[in-house]
Every structure is written in structure tokens, then in C-alpha cells.
Amino acid sequence: MSVVLDALGDDAARLHPQLRRRFGASTATGYSCVGRGVMEEVWHGPVWTLPFLHVGAWRNILVPDAATDVPFTVENYAYTDSLGRETLTVVRTFEVAPGRRRRFDATLVDGSPDGRPGSGRVLDYLGTHQRLAVDLRLRVDERGALRLTSHGQRFYEGPVGFRFPMLASGTAELREAYDDERDRFTIDVRVTNRRFGPLVGYRGWFTCTYPEVVGGDVPPSVKPLREERRR
């Protein structure tokens with residue numbers, strides 16, 4: 001099963017069927033999911049947050065822009081990483097201005113403490129070099145939408161590793177749903193800090209295609225440049 005559906009366990013059956021298909025991409029199913037659409041709003045917090053956001057953008061972690069009606073692509077490919085883990089890419093590309101793009105890269109692996117399905121946990125490595133590891137909690141809401149909330153965050157650089165205190169980091173909340181009337185996916189993401197308030201976010205819609213993946217041959221451009229062993 002896929003990283004996301006495996007984490008949800010029996011709750012995966014309550015997902016909207018289109019969400020089950022979208023997040024069902026795995027090395028076993030042999031297909032990927034590529035979504036294209038528009039982010040109706042991409043936003044950031046007060047001006048003093050911009051230096052922090054620009055540092056994140058350097059490694060494809062954050063989007064330090066504010067814009068409306070932004071062309072958007074999200075690429076989900078499943079593969080086995082060099083450590084033998086089932087991995088799912090979530091590579092988001094925002095065309096924030098003509099000829100100027102921002103990427104927000106993530107790779108998801110199993111986050112359960114014992115490897116059993118249904119834990120509701122996924123480990124999310126952010127950026128091109130997987131320096132930042134984030135614990136995600138997943139659930140299905142009463143309308144069949146996927147809800148995601150971030151918890152602990154850890155930074156890794158060479159032999160150094162440390163946990164971010166939540167006061168100095170943000171909590172991400174995501175809701176992804178399917179709009180049956182308009183036949184498209186909707187997404188709303190916001191990152192907030194409990195002291196300083198909203199930091200960054202985006203909301204919009206997209207439609208998906210499901211290209212076949214043969215023999216785990218995924219585009220090199222969606223893989224991180226480095227893989228982190230530590231959890």
C-alpha cells in the first residue's frame with residue numbers, strides 16, 4: 001500500500017474515492033499522480049517573516065511570495081529510496097510570476113514507531129537535501145477529506161542534529177478535498193506560530209492525471225539530492 005494510505009489504515013476507506021486514487025500511488029500500484037491547477041492565493045505573514053522564508057526557499061522548502069491566481073503543479077511519484085524505504089514525493093511548483101518559479105519539495109516515508117499500518121503518522125523530509133524532518137499526523141474528516149497536522153521538527157546537518165522548539169517553528173495544517181460539482185481537488189495549507197501567528201500558506205484547486213511508472217523509473221528532478229537516514 002502507499003505511504004499515506006498505509007498510515008491511515010482502516011480510515012483510508014473513508015477518504016473520497018478520488019483522494020484514495022490520488023494517494024494510492026506506490027511502487028506496487030505502478031502509477032504516479034501529477035496535478036495541475038491554480039492557487040487562488042499564495043500568502044505570507046508580516047514583512048519580518050520574509051528573511052526566514054527566503055532562507056527556506058534556497059532549499060525548496062518555503063515560498064516567500066504573495067500572489068493570486070498562481071499556476072500550480074504537484075508531482076507525486078513513489079519509489080524505493082537508497083535506504084530501502086517506500087517513499088512518496090510531493091513536489092509543488094508555483095509560477096509566482098512569468099518566468100519565475102518556486103518549488104516546495106517533500107518526501108514522505110513511514111513514520112510509525114513500529115512499522116504497523118494505521119498509526120496515522122508519516123515522516124516528511126523537506127527540501128532538496130532532507131535537512132528538515134517533520135512528523136505529520138493524518139486523519140480523514142467527516143466529509144472524506146484528508147487532514148494533516150505537523151508536530152515535531154528536527155534539523156540535520158552532518159553529525160549535528162537537534163529538535164526545534166515549537167515556539168521557534170511553525171505548525172502546518174492541510175486540508176485536501178475533492179469537489180464533485182467542479183470535478184477537481186481543492187487544497188488549503190497554512191503554517192502558523194502560536195506566538196507570532198500566520199507565517200505562510202496557499203489555497204486553490206487542481207486536476208490530476210496518473211502516468212504509469214515502469215520499474216520504479218521516476219524523474220530524477222523530483223528526487224532529493226541527498227537522503228537522510230535519521231528520523
# chains A, B, ... in the order shown; residues from 1 in each chain; ligands from 1
>>> residues_around(residues="Leu132 of chain A", least_positions_apart="6", cutoff="9 Å", atoms="only C-alpha atoms", output="VMD selection string")
chain A and resid 61 124 to 126 153 to 156
>>> residues_around(residues="Tyr31 of chain A", least_positions_apart="2", cutoff="12 Å", atoms="only C-alpha atoms", output="VMD selection string")
chain A and resid 2 21 to 29 33 to 34 75 to 79 88 209 to 218
>>> closest_residue(among="A:Met39, A:Leu148, A:Val109, A:Val134", to="Phe94 of chain A", atoms="only C-alpha atoms")
A:Met39
>>> select_by_dssp(residues="chain A", states="strand (DSSP E)", output="ChimeraX atom specification")
/A:33-44,67-76,78-80,86-97,100-110,121-126,132-140,146-157,160-163,171-179,184-193,197-209
>>> residues_around(residues="Arg59 of chain A", least_positions_apart="5", cutoff="12 Å", atoms="only C-alpha atoms", output="number ranges by chain")
A: 53-54, 102-106, 125-132, 224-226
>>> select_by_dssp(residues="segment 25-227 of chain A", states="helix (DSSP H, G or I)", output="list of chain:residue names")
A:Val47, A:Trp48, A:Thr49, A:Leu50, A:Pro51, A:Phe52, A:Leu53, A:His54, A:Val55, A:Gly56, A:Ala57, A:Trp58, A:Met166, A:Leu167, A:Ala168, A:Pro220, A:Ser221, A:Val222
>>> write_last_selection(atoms="N, CA, C and O atoms", output="PDB file, in the first residue's frame")
ATOM      1  N   VAL A  47       6.128  41.384   7.220  1.00  0.00           N
ATOM      2  CA  VAL A  47       7.367  41.558   6.461  1.00  0.00           C
ATOM      3  C   VAL A  47       8.580  40.988   7.193  1.00  0.00           C
ATOM      4  O   VAL A  47       9.527  40.520   6.559  1.00  0.00           O
ATOM      5  N   TRP A  48       8.553  40.940   8.510  1.00  0.00           N
ATOM      6  CA  TRP A  48       9.708  40.438   9.238  1.00  0.00           C
ATOM      7  C   TRP A  48       9.878  38.935   9.074  1.00  0.00           C
ATOM      8  O   TRP A  48      10.921  38.374   9.405  1.00  0.00           O
ATOM      9  N   THR A  49       8.856  38.226   8.538  1.00  0.00           N
ATOM     10  CA  THR A  49       8.993  36.788   8.291  1.00  0.00           C
ATOM     11  C   THR A  49       9.741  36.501   6.993  1.00  0.00           C
ATOM     12  O   THR A  49      10.182  35.361   6.775  1.00  0.00           O
ATOM     13  N   LEU A  50       9.909  37.503   6.128  1.00  0.00           N
ATOM     14  CA  LEU A  50      10.471  37.256   4.804  1.00  0.00           C
ATOM     15  C   LEU A  50      11.898  36.706   4.824  1.00  0.00           C
ATOM     16  O   LEU A  50      12.217  35.800   4.046  1.00  0.00           O
ATOM     17  N   PRO A  51      12.820  37.218   5.671  1.00  0.00           N
ATOM     18  CA  PRO A  51      14.168  36.608   5.682  1.00  0.00           C
ATOM     19  C   PRO A  51      14.139  35.113   5.989  1.00  0.00           C
ATOM     20  O   PRO A  51      14.840  34.321   5.357  1.00  0.00           O
ATOM     21  N   PHE A  52      13.302  34.713   6.938  1.00  0.00           N
ATOM     22  CA  PHE A  52      13.150  33.305   7.277  1.00  0.00           C
ATOM     23  C   PHE A  52      12.627  32.517   6.080  1.00  0.00           C
ATOM     24  O   PHE A  52      13.125  31.419   5.760  1.00  0.00           O
ATOM     25  N   LEU A  53      11.636  33.069   5.373  1.00  0.00           N
ATOM     26  CA  LEU A  53      11.058  32.376   4.234  1.00  0.00           C
ATOM     27  C   LEU A  53      12.043  32.270   3.077  1.00  0.00           C
ATOM     28  O   LEU A  53      12.096  31.248   2.380  1.00  0.00           O
ATOM     29  N   HIS A  54      12.851  33.305   2.861  1.00  0.00           N
ATOM     30  CA  HIS A  54      13.833  33.265   1.777  1.00  0.00           C
ATOM     31  C   HIS A  54      14.923  32.229   2.055  1.00  0.00           C
ATOM     32  O   HIS A  54      15.413  31.585   1.124  1.00  0.00           O
ATOM     33  N   VAL A  55      15.316  32.061   3.300  1.00  0.00           N
ATOM     34  CA  VAL A  55      16.281  31.012   3.637  1.00  0.00           C
ATOM     35  C   VAL A  55      15.702  29.644   3.291  1.00  0.00           C
ATOM     36  O   VAL A  55      16.373  28.778   2.715  1.00  0.00           O
ATOM     37  N   GLY A  56      14.427  29.430   3.621  1.00  0.00           N
ATOM     38  CA  GLY A  56      13.780  28.181   3.288  1.00  0.00           C
ATOM     39  C   GLY A  56      13.682  27.961   1.794  1.00  0.00           C
ATOM     40  O   GLY A  56      13.846  26.837   1.297  1.00  0.00           O
ATOM     41  N   ALA A  57      13.420  29.019   1.026  1.00  0.00           N
ATOM     42  CA  ALA A  57      13.282  28.901  -0.420  1.00  0.00           C
ATOM     43  C   ALA A  57      14.582  28.450  -1.075  1.00  0.00           C
ATOM     44  O   ALA A  57      14.564  27.825  -2.147  1.00  0.00           O
ATOM     45  N   TRP A  58      15.708  28.733  -0.452  1.00  0.00           N
ATOM     46  CA  TRP A  58      17.008  28.346  -1.003  1.00  0.00           C
ATOM     47  C   TRP A  58      17.115  26.837  -1.178  1.00  0.00           C
ATOM     48  O   TRP A  58      17.754  26.351  -2.104  1.00  0.00           O
ATOM     49  N   MET A 166       8.898  24.242  19.524  1.00  0.00           N
ATOM     50  CA  MET A 166       7.734  24.680  18.760  1.00  0.00           C
ATOM     51  C   MET A 166       7.557  26.198  18.796  1.00  0.00           C
ATOM     52  O   MET A 166       6.988  26.783  17.886  1.00  0.00           O
ATOM     53  N   LEU A 167       8.079  26.846  19.849  1.00  0.00           N
ATOM     54  CA  LEU A 167       7.974  28.294  19.923  1.00  0.00           C
ATOM     55  C   LEU A 167       8.753  28.971  18.802  1.00  0.00           C
ATOM     56  O   LEU A 167       8.438  30.085  18.392  1.00  0.00           O
ATOM     57  N   ALA A 168       9.789  28.276  18.284  1.00  0.00           N
ATOM     58  CA  ALA A 168      10.627  28.851  17.239  1.00  0.00           C
ATOM     59  C   ALA A 168      10.304  28.285  15.858  1.00  0.00           C
ATOM     60  O   ALA A 168      11.029  28.536  14.900  1.00  0.00           O
ATOM     61  N   PRO A 220      14.346  12.046 -12.255  1.00  0.00           N
ATOM     62  CA  PRO A 220      15.359  12.444 -11.268  1.00  0.00           C
ATOM     63  C   PRO A 220      15.071  13.802 -10.645  1.00  0.00           C
ATOM     64  O   PRO A 220      15.459  14.057  -9.503  1.00  0.00           O
ATOM     65  N   SER A 221      14.371  14.686 -11.360  1.00  0.00           N
ATOM     66  CA  SER A 221      14.129  16.041 -10.866  1.00  0.00           C
ATOM     67  C   SER A 221      13.241  16.073  -9.634  1.00  0.00           C
ATOM     68  O   SER A 221      13.220  17.075  -8.920  1.00  0.00           O
ATOM     69  N   VAL A 222      12.487  15.005  -9.355  1.00  0.00           N
ATOM     70  CA  VAL A 222      11.597  15.017  -8.192  1.00  0.00           C
ATOM     71  C   VAL A 222      12.234  14.354  -6.974  1.00  0.00           C
ATOM     72  O   VAL A 222      11.633  14.349  -5.894  1.00  0.00           O
TER      73      VAL A 222
END
>>> residues_around(residues="Arg143 of chain A", least_positions_apart="3", cutoff="12 Å", atoms="only C-alpha atoms", output="list in words")
Arg14, Leu15, His16, Pro17, Leu19, Arg139, Val140, Leu146, Arg147, Arg175, Glu176, Ala177, Tyr178, Asp179 and Asp180 of chain A
>>> atom_distance(atom1="atom CA of Thr107 of chain A", atom2="atom CA of Pro159 of chain A")
21.2 Å
>>> atom_distance(atom1="atom CA of Glu95 of chain A", atom2="atom CA of Leu138 of chain A")
28.1 Å
>>> atom_distance(atom1="atom CA of Gly118 of chain A", atom2="atom CA of Arg85 of chain A")
17.3 Å
>>> closest_residue(among="A:Val3, A:Thr80, A:Asp114, A:Arg231", to="Gly152 of chain A", atoms="only C-alpha atoms")
A:Arg231
>>> decode(residues="segment 133-155 of chain A", atoms="N, CA, C and O atoms", output="PDB file, in the first residue's frame")
ATOM      1  N   ALA A 133      13.311  17.322   9.094  1.00  0.00           N
ATOM      2  CA  ALA A 133      12.377  16.202   9.218  1.00  0.00           C
ATOM      3  C   ALA A 133      11.205  16.634  10.085  1.00  0.00           C
ATOM      4  O   ALA A 133      11.401  17.186  11.166  1.00  0.00           O
ATOM      5  N   VAL A 134       9.996  16.375   9.609  1.00  0.00           N
ATOM      6  CA  VAL A 134       8.787  16.824  10.292  1.00  0.00           C
ATOM      7  C   VAL A 134       7.854  15.634  10.496  1.00  0.00           C
ATOM      8  O   VAL A 134       7.606  14.859   9.570  1.00  0.00           O
ATOM      9  N   ASP A 135       7.337  15.497  11.703  1.00  0.00           N
ATOM     10  CA  ASP A 135       6.341  14.464  11.992  1.00  0.00           C
ATOM     11  C   ASP A 135       4.963  14.969  11.580  1.00  0.00           C
ATOM     12  O   ASP A 135       4.559  16.064  11.975  1.00  0.00           O
ATOM     13  N   LEU A 136       4.246  14.152  10.816  1.00  0.00           N
ATOM     14  CA  LEU A 136       2.909  14.506  10.366  1.00  0.00           C
ATOM     15  C   LEU A 136       1.887  13.539  10.951  1.00  0.00           C
ATOM     16  O   LEU A 136       2.130  12.339  11.024  1.00  0.00           O
ATOM     17  N   ARG A 137       0.752  14.088  11.364  1.00  0.00           N
ATOM     18  CA  ARG A 137      -0.386  13.279  11.797  1.00  0.00           C
ATOM     19  C   ARG A 137      -1.486  13.423  10.752  1.00  0.00           C
ATOM     20  O   ARG A 137      -1.860  14.539  10.394  1.00  0.00           O
ATOM     21  N   LEU A 138      -2.026  12.298  10.295  1.00  0.00           N
ATOM     22  CA  LEU A 138      -3.027  12.271   9.247  1.00  0.00           C
ATOM     23  C   LEU A 138      -4.350  11.744   9.792  1.00  0.00           C
ATOM     24  O   LEU A 138      -4.367  10.864  10.650  1.00  0.00           O
ATOM     25  N   ARG A 139      -5.441  12.297   9.265  1.00  0.00           N
ATOM     26  CA  ARG A 139      -6.766  11.767   9.595  1.00  0.00           C
ATOM     27  C   ARG A 139      -7.718  12.104   8.463  1.00  0.00           C
ATOM     28  O   ARG A 139      -7.416  12.939   7.586  1.00  0.00           O
ATOM     29  N   VAL A 140      -8.860  11.452   8.481  1.00  0.00           N
ATOM     30  CA  VAL A 140      -9.909  11.701   7.499  1.00  0.00           C
ATOM     31  C   VAL A 140     -11.061  12.399   8.212  1.00  0.00           C
ATOM     32  O   VAL A 140     -11.509  11.931   9.267  1.00  0.00           O
ATOM     33  N   ASP A 141     -11.534  13.522   7.654  1.00  0.00           N
ATOM     34  CA  ASP A 141     -12.619  14.228   8.335  1.00  0.00           C
ATOM     35  C   ASP A 141     -13.981  13.682   7.911  1.00  0.00           C
ATOM     36  O   ASP A 141     -14.087  12.726   7.126  1.00  0.00           O
ATOM     37  N   GLU A 142     -15.041  14.277   8.448  1.00  0.00           N
ATOM     38  CA  GLU A 142     -16.392  13.751   8.248  1.00  0.00           C
ATOM     39  C   GLU A 142     -16.866  13.876   6.809  1.00  0.00           C
ATOM     40  O   GLU A 142     -17.844  13.221   6.403  1.00  0.00           O
ATOM     41  N   ARG A 143     -16.181  14.670   5.980  1.00  0.00           N
ATOM     42  CA  ARG A 143     -16.558  14.824   4.575  1.00  0.00           C
ATOM     43  C   ARG A 143     -15.660  14.030   3.637  1.00  0.00           C
ATOM     44  O   ARG A 143     -15.724  14.201   2.416  1.00  0.00           O
ATOM     45  N   GLY A 144     -14.795  13.193   4.195  1.00  0.00           N
ATOM     46  CA  GLY A 144     -13.919  12.370   3.367  1.00  0.00           C
ATOM     47  C   GLY A 144     -12.679  13.086   2.880  1.00  0.00           C
ATOM     48  O   GLY A 144     -11.988  12.600   1.970  1.00  0.00           O
ATOM     49  N   ALA A 145     -12.372  14.243   3.473  1.00  0.00           N
ATOM     50  CA  ALA A 145     -11.169  14.996   3.112  1.00  0.00           C
ATOM     51  C   ALA A 145      -9.982  14.540   3.953  1.00  0.00           C
ATOM     52  O   ALA A 145     -10.150  14.022   5.064  1.00  0.00           O
ATOM     53  N   LEU A 146      -8.795  14.729   3.437  1.00  0.00           N
ATOM     54  CA  LEU A 146      -7.573  14.412   4.173  1.00  0.00           C
ATOM     55  C   LEU A 146      -7.154  15.616   4.994  1.00  0.00           C
ATOM     56  O   LEU A 146      -7.043  16.731   4.471  1.00  0.00           O
ATOM     57  N   ARG A 147      -6.916  15.399   6.278  1.00  0.00           N
ATOM     58  CA  ARG A 147      -6.417  16.434   7.183  1.00  0.00           C
ATOM     59  C   ARG A 147      -5.021  16.046   7.641  1.00  0.00           C
ATOM     60  O   ARG A 147      -4.761  14.893   7.994  1.00  0.00           O
ATOM     61  N   LEU A 148      -4.147  17.014   7.661  1.00  0.00           N
ATOM     62  CA  LEU A 148      -2.751  16.784   8.059  1.00  0.00           C
ATOM     63  C   LEU A 148      -2.325  17.888   9.009  1.00  0.00           C
ATOM     64  O   LEU A 148      -2.627  19.059   8.773  1.00  0.00           O
ATOM     65  N   THR A 149      -1.631  17.509  10.072  1.00  0.00           N
ATOM     66  CA  THR A 149      -1.092  18.477  11.024  1.00  0.00           C
ATOM     67  C   THR A 149       0.341  18.103  11.349  1.00  0.00           C
ATOM     68  O   THR A 149       0.645  16.921  11.597  1.00  0.00           O
ATOM     69  N   SER A 150       1.239  19.085  11.323  1.00  0.00           N
ATOM     70  CA  SER A 150       2.644  18.816  11.666  1.00  0.00           C
ATOM     71  C   SER A 150       2.845  18.902  13.172  1.00  0.00           C
ATOM     72  O   SER A 150       2.127  19.618  13.877  1.00  0.00           O
ATOM     73  N   HIS A 151       3.845  18.163  13.653  1.00  0.00           N
ATOM     74  CA  HIS A 151       4.170  18.167  15.074  1.00  0.00           C
ATOM     75  C   HIS A 151       5.675  18.423  15.236  1.00  0.00           C
ATOM     76  O   HIS A 151       6.144  19.493  14.877  1.00  0.00           O
ATOM     77  N   GLY A 152       6.428  17.470  15.740  1.00  0.00           N
ATOM     78  CA  GLY A 152       7.844  17.706  15.989  1.00  0.00           C
ATOM     79  C   GLY A 152       8.642  17.966  14.722  1.00  0.00           C
ATOM     80  O   GLY A 152       8.346  17.435  13.648  1.00  0.00           O
ATOM     81  N   GLN A 153       9.673  18.800  14.843  1.00  0.00           N
ATOM     82  CA  GLN A 153      10.565  19.125  13.734  1.00  0.00           C
ATOM     83  C   GLN A 153      12.015  18.971  14.189  1.00  0.00           C
ATOM     84  O   GLN A 153      12.369  19.408  15.281  1.00  0.00           O
ATOM     85  N   ARG A 154      12.825  18.368  13.318  1.00  0.00           N
ATOM     86  CA  ARG A 154      14.242  18.153  13.624  1.00  0.00           C
ATOM     87  C   ARG A 154      15.089  18.607  12.455  1.00  0.00           C
ATOM     88  O   ARG A 154      14.694  18.439  11.289  1.00  0.00           O
ATOM     89  N   PHE A 155      16.257  19.162  12.775  1.00  0.00           N
ATOM     90  CA  PHE A 155      17.197  19.629  11.751  1.00  0.00           C
ATOM     91  C   PHE A 155      18.455  18.778  11.790  1.00  0.00           C
ATOM     92  O   PHE A 155      18.987  18.491  12.870  1.00  0.00           O
TER      93      PHE A 155
END
